Amino acid sequence: MDQELLEEIKRLIIGGKVKRISNAVQMALVSGFEPQTIIDTMTGAMLQVGELFHNSDIYVPEMLVAAAAMKKGMTLLRPLLSAERQTNKVKYILGTVQGDLHDVGKNLVCCTLESYGFEVVDLGVDVAPKDFVAAVEQHSDCYLLGLSALLTTTIPSITATIEALSEAGLRDRLFIMVGGAPITWEVAREVGADSYSPDAYGTAQAALRYVEERKKEEEAEE
Ligand code: B12
């Protein structure tokens, strides 16, 4: 298999070449690369984009087109993940809280979780507490929830969401993770979340760790 095809996908994501990404992904598939290998390549490229952005080597428009290219590639690859992974997935409800329209980081978290085998229920941006409650009620088998907030002024929306979940009697069944530029471990504790991560990779690792712990506890109880 031609490794250069993966290098090309990486370059297209970093360069935000939305129109050319589908063709490159198709070529990699035809040449025999597994969908997961291509997803890992795209995730690696997006992590590099995140780093370039944080070092001010690229700016918002470049980052947004890179994120769009990743999203386009994922729409092709998602249906191709193995049937076992499609049916045996752990769900993760994710959304940006009320009043907040930032979604680049949330989308990156979404793609990364999917690439690690989670089935993400993406509620989008500006999600009201009652809509988080409705989603958790609807997906009664889901115990993972991620709340994204990029504005200091929308941190209270996280608190309001967690309070609404408590009032609905749903809080205790959930492992709630929070993230976004103004969030720290201290903020996470203050709002009553269970976990925090500064990036998409850390989010996936923390979710995987929690799922493992939970499985062990369930096995011990049996
Ligand atoms: C792009 C951007 C925008 C775009 C958003 C486009 C979009 N579709 O998302 C636009 C132009 C629309 C925008 C608007 C505004 N913005 Co703005 N924006 C940014 C900017 C430059 C980048 C954010 C970003 O995409 N980062 C890149 C991604 C990859 O990183 P990330 O979002 O942090 O996500 C990572 C982690 O945080 C984590 N993560 C994210 N979500 C989650 C969730 C969970 C569960 C977990 C565990 C982890 C996690 O993983 C992600 C991937 O590694 C930031 C500055 C900055 N450096 O952060 C300002 C910034 C967030 N914006 C800011 C402001 C003030 C605004 C506006 C109010 C401006 C205005 N006056 O209109 C509006 C508000 C609109 C609204 N109601 O939401 C301020 C916020 C200040 C503050 N502390 O409150 C910032 C910090 C800029 C600044 N320095 O002043 N913005």
# chains A, B, ... in the order shown; residues from 1 in each chain; ligands from 1
$ residues_near_ligand --ligand "ligand 1" --cutoff "6 Å" --atoms "only C-alpha atoms and all ligand atoms" --output "PyMOL selection string"
chain A and resi 50+60+99-106+108-109+146-148+150-153+177-182+196-200+203
$ residues_around --residues "Asn107 of chain A" --least-positions-apart "5" --cutoff "12 Å" --atoms "only C-alpha atoms" --output "PDB file with N, CA and C atoms, in the first residue's frame"
ATOM      1  N   THR A  43      -7.166  12.267  12.196  1.00  0.00           N
ATOM      2  CA  THR A  43      -7.156  12.776  13.564  1.00  0.00           C
ATOM      3  C   THR A  43      -5.777  13.352  13.897  1.00  0.00           C
ATOM      4  N   MET A  46      -5.458  16.697  12.369  1.00  0.00           N
ATOM      5  CA  MET A  46      -6.212  17.734  13.089  1.00  0.00           C
ATOM      6  C   MET A  46      -5.507  18.119  14.395  1.00  0.00           C
ATOM      7  N   LEU A  64     -10.728  26.536  10.551  1.00  0.00           N
ATOM      8  CA  LEU A  64     -12.112  26.174  10.229  1.00  0.00           C
ATOM      9  C   LEU A  64     -12.187  25.306   8.958  1.00  0.00           C
ATOM     10  N   ALA A  66      -9.806  23.363   7.817  1.00  0.00           N
ATOM     11  CA  ALA A  66      -9.230  22.040   8.141  1.00  0.00           C
ATOM     12  C   ALA A  66     -10.298  21.181   8.826  1.00  0.00           C
ATOM     13  N   ALA A  67     -11.036  21.795   9.759  1.00  0.00           N
ATOM     14  CA  ALA A  67     -12.098  21.066  10.475  1.00  0.00           C
ATOM     15  C   ALA A  67     -13.179  20.610   9.492  1.00  0.00           C
ATOM     16  N   ALA A  68     -13.486  21.453   8.497  1.00  0.00           N
ATOM     17  CA  ALA A  68     -14.506  21.097   7.498  1.00  0.00           C
ATOM     18  C   ALA A  68     -14.015  19.912   6.659  1.00  0.00           C
ATOM     19  N   ALA A  69     -12.719  19.900   6.321  1.00  0.00           N
ATOM     20  CA  ALA A  69     -12.163  18.797   5.525  1.00  0.00           C
ATOM     21  C   ALA A  69     -12.238  17.491   6.314  1.00  0.00           C
ATOM     22  N   MET A  70     -11.928  17.559   7.599  1.00  0.00           N
ATOM     23  CA  MET A  70     -12.002  16.353   8.452  1.00  0.00           C
ATOM     24  C   MET A  70     -13.446  15.831   8.495  1.00  0.00           C
ATOM     25  N   LYS A  71     -14.384  16.759   8.649  1.00  0.00           N
ATOM     26  CA  LYS A  71     -15.796  16.376   8.732  1.00  0.00           C
ATOM     27  C   LYS A  71     -16.230  15.664   7.440  1.00  0.00           C
ATOM     28  N   LYS A  72     -15.822  16.214   6.307  1.00  0.00           N
ATOM     29  CA  LYS A  72     -16.163  15.631   5.001  1.00  0.00           C
ATOM     30  C   LYS A  72     -15.597  14.216   4.895  1.00  0.00           C
ATOM     31  N   MET A  74     -14.839  12.206   7.304  1.00  0.00           N
ATOM     32  CA  MET A  74     -15.523  11.312   8.259  1.00  0.00           C
ATOM     33  C   MET A  74     -16.859  10.821   7.706  1.00  0.00           C
ATOM     34  N   LEU A  94     -22.941  14.677  23.303  1.00  0.00           N
ATOM     35  CA  LEU A  94     -22.025  15.819  23.310  1.00  0.00           C
ATOM     36  C   LEU A  94     -22.728  17.066  22.784  1.00  0.00           C
ATOM     37  N   GLY A  95     -22.465  18.203  23.389  1.00  0.00           N
ATOM     38  CA  GLY A  95     -23.040  19.437  22.865  1.00  0.00           C
ATOM     39  C   GLY A  95     -22.351  20.667  23.432  1.00  0.00           C
ATOM     40  N   THR A  96     -22.506  21.786  22.734  1.00  0.00           N
ATOM     41  CA  THR A  96     -22.021  23.071  23.247  1.00  0.00           C
ATOM     42  C   THR A  96     -23.187  23.716  24.000  1.00  0.00           C
ATOM     43  N   LEU A 101     -21.799  29.453  20.665  1.00  0.00           N
ATOM     44  CA  LEU A 101     -21.903  28.977  19.279  1.00  0.00           C
ATOM     45  C   LEU A 101     -20.612  28.335  18.778  1.00  0.00           C
ATOM     46  N   HIS A 102     -19.600  28.248  19.636  1.00  0.00           N
ATOM     47  CA  HIS A 102     -18.316  27.668  19.192  1.00  0.00           C
ATOM     48  C   HIS A 102     -18.456  26.158  19.012  1.00  0.00           C
ATOM     49  N   THR A 112     -12.857  12.562  17.166  1.00  0.00           N
ATOM     50  CA  THR A 112     -11.867  11.738  17.870  1.00  0.00           C
ATOM     51  C   THR A 112     -12.570  10.614  18.624  1.00  0.00           C
ATOM     52  N   LEU A 113     -13.689  10.939  19.292  1.00  0.00           N
ATOM     53  CA  LEU A 113     -14.430   9.895  20.007  1.00  0.00           C
ATOM     54  C   LEU A 113     -14.913   8.834  19.019  1.00  0.00           C
ATOM     55  N   GLU A 114     -15.407   9.284  17.862  1.00  0.00           N
ATOM     56  CA  GLU A 114     -15.877   8.316  16.858  1.00  0.00           C
ATOM     57  C   GLU A 114     -14.731   7.435  16.385  1.00  0.00           C
ATOM     58  N   VAL A 120     -21.321   8.845  18.817  1.00  0.00           N
ATOM     59  CA  VAL A 120     -21.560  10.169  19.390  1.00  0.00           C
ATOM     60  C   VAL A 120     -22.929  10.706  18.957  1.00  0.00           C
ATOM     61  N   VAL A 121     -23.697  11.133  19.952  1.00  0.00           N
ATOM     62  CA  VAL A 121     -24.958  11.818  19.680  1.00  0.00           C
ATOM     63  C   VAL A 121     -24.625  13.304  19.809  1.00  0.00           C
ATOM     64  N   ASP A 122     -24.445  13.955  18.656  1.00  0.00           N
ATOM     65  CA  ASP A 122     -23.996  15.347  18.661  1.00  0.00           C
ATOM     66  C   ASP A 122     -25.214  16.279  18.647  1.00  0.00           C
ATOM     67  N   LEU A 123     -25.396  17.003  19.744  1.00  0.00           N
ATOM     68  CA  LEU A 123     -26.589  17.865  19.852  1.00  0.00           C
ATOM     69  C   LEU A 123     -26.359  19.249  19.243  1.00  0.00           C
ATOM     70  N   GLY A 124     -25.121  19.512  18.785  1.00  0.00           N
ATOM     71  CA  GLY A 124     -24.849  20.796  18.147  1.00  0.00           C
ATOM     72  C   GLY A 124     -24.461  21.884  19.136  1.00  0.00           C
ATOM     73  N   VAL A 125     -24.795  23.136  18.774  1.00  0.00           N
ATOM     74  CA  VAL A 125     -24.402  24.275  19.608  1.00  0.00           C
ATOM     75  C   VAL A 125     -25.625  24.915  20.264  1.00  0.00           C
ATOM     76  N   GLY A 146     -20.784  14.957  27.431  1.00  0.00           N
ATOM     77  CA  GLY A 146     -19.740  15.976  27.316  1.00  0.00           C
ATOM     78  C   GLY A 146     -20.349  17.340  27.059  1.00  0.00           C
ATOM     79  N   LEU A 147     -19.917  18.329  27.843  1.00  0.00           N
ATOM     80  CA  LEU A 147     -20.421  19.694  27.690  1.00  0.00           C
ATOM     81  C   LEU A 147     -19.260  20.593  27.298  1.00  0.00           C
ATOM     82  N   SER A 148     -19.435  21.309  26.187  1.00  0.00           N
ATOM     83  CA  SER A 148     -18.383  22.195  25.708  1.00  0.00           C
ATOM     84  C   SER A 148     -18.788  23.650  25.932  1.00  0.00           C
ATOM     85  N   GLY A 180     -13.252  23.031  26.951  1.00  0.00           N
ATOM     86  CA  GLY A 180     -13.348  24.313  26.241  1.00  0.00           C
ATOM     87  C   GLY A 180     -12.307  25.251  26.840  1.00  0.00           C
ATOM     88  N   ASP A 199      -8.030  18.581  25.792  1.00  0.00           N
ATOM     89  CA  ASP A 199      -8.031  18.329  24.343  1.00  0.00           C
ATOM     90  C   ASP A 199      -8.821  17.078  23.965  1.00  0.00           C
ATOM     91  N   ALA A 200      -8.946  16.888  22.649  1.00  0.00           N
ATOM     92  CA  ALA A 200      -9.791  15.793  22.133  1.00  0.00           C
ATOM     93  C   ALA A 200      -9.208  14.420  22.484  1.00  0.00           C
TER      94      ALA A 200
END
$ residues_around --residues "segment 133-142 of chain A" --least-positions-apart "4" --cutoff "7 Å" --atoms "only C-alpha atoms" --output "list in words"
Lys91, Tyr92, Pro129, Ala164 and Leu165 of chain A
$ atom_distance --atom1 "atom CA of Tyr116 of chain A" --atom2 "atom CA of Val211 of chain A"
12.2 Å
$ residues_around --residues "Ala128 of chain A" --least-positions-apart "2" --cutoff "7 Å" --atoms "only C-alpha atoms" --output "PyMOL selection string"
chain A and resi 97-98+126+130-132
$ select_by_dssp --residues "segment 15-207 of chain A" --states "strand (DSSP E or B)" --output "number ranges by chain"
A: 91-97, 119-122, 127, 144-148, 175-179, 195-196
$ residues_around --residues "Leu80 of chain A" --least-positions-apart "6" --cutoff "10 Å" --atoms "only C-alpha atoms" --output "PyMOL selection string"
chain A and resi 34-36+74+86
$ residues_around --residues "Gly15 of chain A" --least-positions-apart "2" --cutoff "10 Å" --atoms "only C-alpha atoms" --output "PyMOL selection string"
chain A and resi 9-13+17-18+45+49+62-63+65-66+69
$ closest_residue --among "A:Leu76, A:Val191, A:Cys110, A:Leu170" --to "Ala204 of chain A" --atoms "only C-alpha atoms"
A:Cys110
$ atom_distance --atom1 "atom CA of Leu144 of chain A" --atom2 "atom CA of Gly192 of chain A"
14.7 Å
$ residues_around --residues "Arg171 of chain A" --least-positions-apart "2" --cutoff "10 Å" --atoms "only C-alpha atoms" --output "PyMOL selection string"
chain A and resi 133+136+143+161-169+173-176+193
$ write_last_selection --atoms "N, CA and C atoms" --output "PDB file, in the first residue's frame"
ATOM      1  N   VAL A 133     -31.336  17.319  28.877  1.00  0.00           N
ATOM      2  CA  VAL A 133     -32.152  16.399  29.684  1.00  0.00           C
ATOM      3  C   VAL A 133     -32.934  15.467  28.765  1.00  0.00           C
ATOM      4  N   VAL A 136     -30.686  12.820  27.196  1.00  0.00           N
ATOM      5  CA  VAL A 136     -30.273  11.785  28.154  1.00  0.00           C
ATOM      6  C   VAL A 136     -31.453  10.849  28.435  1.00  0.00           C
ATOM      7  N   TYR A 143     -24.442   6.708  29.278  1.00  0.00           N
ATOM      8  CA  TYR A 143     -24.005   7.215  30.588  1.00  0.00           C
ATOM      9  C   TYR A 143     -22.824   8.195  30.475  1.00  0.00           C
ATOM     10  N   THR A 161     -27.146  23.199  33.313  1.00  0.00           N
ATOM     11  CA  THR A 161     -27.414  21.894  32.678  1.00  0.00           C
ATOM     12  C   THR A 161     -27.289  20.777  33.715  1.00  0.00           C
ATOM     13  N   ILE A 162     -26.236  20.840  34.527  1.00  0.00           N
ATOM     14  CA  ILE A 162     -26.035  19.771  35.520  1.00  0.00           C
ATOM     15  C   ILE A 162     -27.155  19.821  36.567  1.00  0.00           C
ATOM     16  N   GLU A 163     -27.580  21.040  36.924  1.00  0.00           N
ATOM     17  CA  GLU A 163     -28.700  21.163  37.874  1.00  0.00           C
ATOM     18  C   GLU A 163     -29.987  20.567  37.291  1.00  0.00           C
ATOM     19  N   ALA A 164     -30.234  20.873  36.009  1.00  0.00           N
ATOM     20  CA  ALA A 164     -31.449  20.348  35.362  1.00  0.00           C
ATOM     21  C   ALA A 164     -31.416  18.820  35.319  1.00  0.00           C
ATOM     22  N   LEU A 165     -30.238  18.259  35.087  1.00  0.00           N
ATOM     23  CA  LEU A 165     -30.107  16.796  35.062  1.00  0.00           C
ATOM     24  C   LEU A 165     -30.372  16.218  36.454  1.00  0.00           C
ATOM     25  N   SER A 166     -29.888  16.926  37.499  1.00  0.00           N
ATOM     26  CA  SER A 166     -30.121  16.472  38.878  1.00  0.00           C
ATOM     27  C   SER A 166     -31.611  16.498  39.188  1.00  0.00           C
ATOM     28  N   GLU A 167     -32.249  17.617  38.803  1.00  0.00           N
ATOM     29  CA  GLU A 167     -33.690  17.749  39.071  1.00  0.00           C
ATOM     30  C   GLU A 167     -34.500  16.655  38.372  1.00  0.00           C
ATOM     31  N   ALA A 168     -34.012  16.243  37.192  1.00  0.00           N
ATOM     32  CA  ALA A 168     -34.729  15.193  36.445  1.00  0.00           C
ATOM     33  C   ALA A 168     -34.356  13.795  36.952  1.00  0.00           C
ATOM     34  N   GLY A 169     -33.482  13.740  37.976  1.00  0.00           N
ATOM     35  CA  GLY A 169     -33.081  12.444  38.551  1.00  0.00           C
ATOM     36  C   GLY A 169     -32.141  11.663  37.651  1.00  0.00           C
ATOM     37  N   ARG A 173     -26.591   8.787  37.074  1.00  0.00           N
ATOM     38  CA  ARG A 173     -26.244   7.714  36.134  1.00  0.00           C
ATOM     39  C   ARG A 173     -25.172   8.160  35.130  1.00  0.00           C
ATOM     40  N   LEU A 174     -24.787   9.459  35.195  1.00  0.00           N
ATOM     41  CA  LEU A 174     -23.899  10.003  34.163  1.00  0.00           C
ATOM     42  C   LEU A 174     -22.470  10.246  34.629  1.00  0.00           C
ATOM     43  N   PHE A 175     -21.551  10.090  33.681  1.00  0.00           N
ATOM     44  CA  PHE A 175     -20.174  10.543  33.868  1.00  0.00           C
ATOM     45  C   PHE A 175     -20.077  11.805  33.010  1.00  0.00           C
ATOM     46  N   ILE A 176     -20.008  12.962  33.674  1.00  0.00           N
ATOM     47  CA  ILE A 176     -20.068  14.226  32.937  1.00  0.00           C
ATOM     48  C   ILE A 176     -18.664  14.814  32.754  1.00  0.00           C
ATOM     49  N   ALA A 193     -18.879  18.781  37.646  1.00  0.00           N
ATOM     50  CA  ALA A 193     -18.628  17.756  36.624  1.00  0.00           C
ATOM     51  C   ALA A 193     -17.746  16.648  37.207  1.00  0.00           C
TER      52      ALA A 193
END
$ closest_residue --among "A:Leu208, A:Ile158, A:Ile14, A:Leu6" --to "Ala188 of chain A" --atoms "only C-alpha atoms"
A:Ile158
$ select_by_dssp --residues "segment 19-190 of chain A" --states "helix (DSSP H, G or I)" --output "ChimeraX atom specification"
/A:19-30,35-54,60-80,83-87,104-115,129-138,152-167,171-173,185-190
$ write_last_selection --atoms "C-alpha atoms" --output "short mmCIF file (atom, residue, chain, number, x, y, z; two decimals), in the first residue's frame"
data_model
loop_
_atom_site.label_atom_id
_atom_site.label_comp_id
_atom_site.auth_asym_id
_atom_site.auth_seq_id
_atom_site.Cartn_x
_atom_site.Cartn_y
_atom_site.Cartn_z
CA LYS A 19 -13.13 19.55 -2.29
CA ARG A 20 -10.18 17.20 -2.76
CA ILE A 21 -10.47 15.17 0.44
CA SER A 22 -13.22 12.77 -0.75
CA ASN A 23 -11.21 11.68 -3.77
CA ALA A 24 -8.07 11.14 -1.66
CA VAL A 25 -10.00 9.08 0.90
CA GLN A 26 -11.55 6.96 -1.90
CA MET A 27 -8.12 6.33 -3.38
CA ALA A 28 -6.73 5.23 -0.02
CA LEU A 29 -9.70 2.86 0.44
CA VAL A 30 -9.29 1.39 -3.04
CA PRO A 35 -11.08 3.04 7.32
CA GLN A 36 -9.66 3.20 10.87
CA THR A 37 -6.13 3.82 9.54
CA ILE A 38 -7.42 6.70 7.44
CA ILE A 39 -9.39 8.12 10.42
CA ASP A 40 -6.26 7.90 12.60
CA THR A 41 -4.34 9.77 9.88
CA MET A 42 -6.99 12.52 9.76
CA THR A 43 -7.16 12.78 13.56
CA GLY A 44 -3.35 13.10 13.69
CA ALA A 45 -3.55 15.87 11.08
CA MET A 46 -6.21 17.73 13.09
CA LEU A 47 -4.13 17.47 16.27
CA GLN A 48 -1.29 19.05 14.28
CA VAL A 49 -3.72 21.79 13.12
CA GLY A 50 -4.66 22.42 16.77
CA GLU A 51 -1.00 22.80 17.65
CA LEU A 52 -0.31 25.16 14.71
CA PHE A 53 -3.29 27.27 15.80
CA HIS A 54 -2.22 27.43 19.44
CA VAL A 60 -9.13 30.93 12.57
CA PRO A 61 -10.06 30.64 8.84
CA GLU A 62 -7.36 28.02 8.18
CA MET A 63 -8.45 26.07 11.25
CA LEU A 64 -12.11 26.17 10.23
CA VAL A 65 -11.43 24.81 6.71
CA ALA A 66 -9.23 22.04 8.14
CA ALA A 67 -12.10 21.07 10.48
CA ALA A 68 -14.51 21.10 7.50
CA ALA A 69 -12.16 18.80 5.52
CA MET A 70 -12.00 16.35 8.45
CA LYS A 71 -15.80 16.38 8.73
CA LYS A 72 -16.16 15.63 5.00
CA GLY A 73 -13.70 12.73 5.23
CA MET A 74 -15.52 11.31 8.26
CA THR A 75 -18.88 11.23 6.43
CA LEU A 76 -17.32 8.85 3.90
CA LEU A 77 -15.60 6.65 6.46
CA ARG A 78 -18.13 6.43 9.30
CA PRO A 79 -20.47 3.96 7.51
CA LEU A 80 -17.51 1.71 6.68
CA ALA A 83 -20.33 -4.02 11.72
CA GLU A 84 -19.23 -5.15 15.20
CA ARG A 85 -18.21 -1.61 16.07
CA GLN A 86 -21.44 -0.24 14.63
CA THR A 87 -23.63 -2.47 16.83
CA VAL A 104 -14.68 23.60 16.18
CA GLY A 105 -13.33 22.04 19.39
CA LYS A 106 -16.54 20.11 20.01
CA ASN A 107 -16.47 18.72 16.45
CA LEU A 108 -12.88 17.67 16.91
CA VAL A 109 -13.81 15.91 20.15
CA CYS A 110 -16.72 14.30 18.26
CA CYS A 111 -14.51 12.96 15.42
CA THR A 112 -11.87 11.74 17.87
CA LEU A 113 -14.43 9.90 20.01
CA GLU A 114 -15.88 8.32 16.86
CA SER A 115 -12.44 7.25 15.75
CA PRO A 129 -30.43 22.45 29.61
CA LYS A 130 -33.86 20.97 28.84
CA ASP A 131 -32.57 19.62 25.52
CA PHE A 132 -29.63 17.90 27.23
CA VAL A 133 -32.15 16.40 29.68
CA ALA A 134 -34.38 15.23 26.80
CA ALA A 135 -31.41 13.61 25.01
CA VAL A 136 -30.27 11.79 28.15
CA GLU A 137 -33.85 10.57 28.71
CA GLN A 138 -34.15 9.45 25.09
CA THR A 152 -16.50 32.55 30.40
CA THR A 153 -20.07 33.83 30.24
CA THR A 154 -21.43 30.40 29.30
CA ILE A 155 -19.85 28.52 32.21
CA PRO A 156 -23.11 29.14 34.18
CA SER A 157 -24.93 27.22 31.40
CA ILE A 158 -22.87 24.16 32.38
CA THR A 159 -24.02 24.57 35.98
CA ALA A 160 -27.63 25.04 34.84
CA THR A 161 -27.41 21.89 32.68
CA ILE A 162 -26.03 19.77 35.52
CA GLU A 163 -28.70 21.16 37.87
CA ALA A 164 -31.45 20.35 35.36
CA LEU A 165 -30.11 16.80 35.06
CA SER A 166 -30.12 16.47 38.88
CA GLU A 167 -33.69 17.75 39.07
CA ARG A 171 -27.33 13.10 37.21
CA ASP A 172 -26.21 10.01 39.12
CA ARG A 173 -26.24 7.71 36.13
CA TRP A 185 -9.99 21.20 36.66
CA GLU A 186 -10.94 23.86 39.21
CA VAL A 187 -13.90 25.04 37.09
CA ALA A 188 -14.90 21.43 36.45
CA ARG A 189 -15.08 20.78 40.21
CA GLU A 190 -16.99 24.03 40.82
#
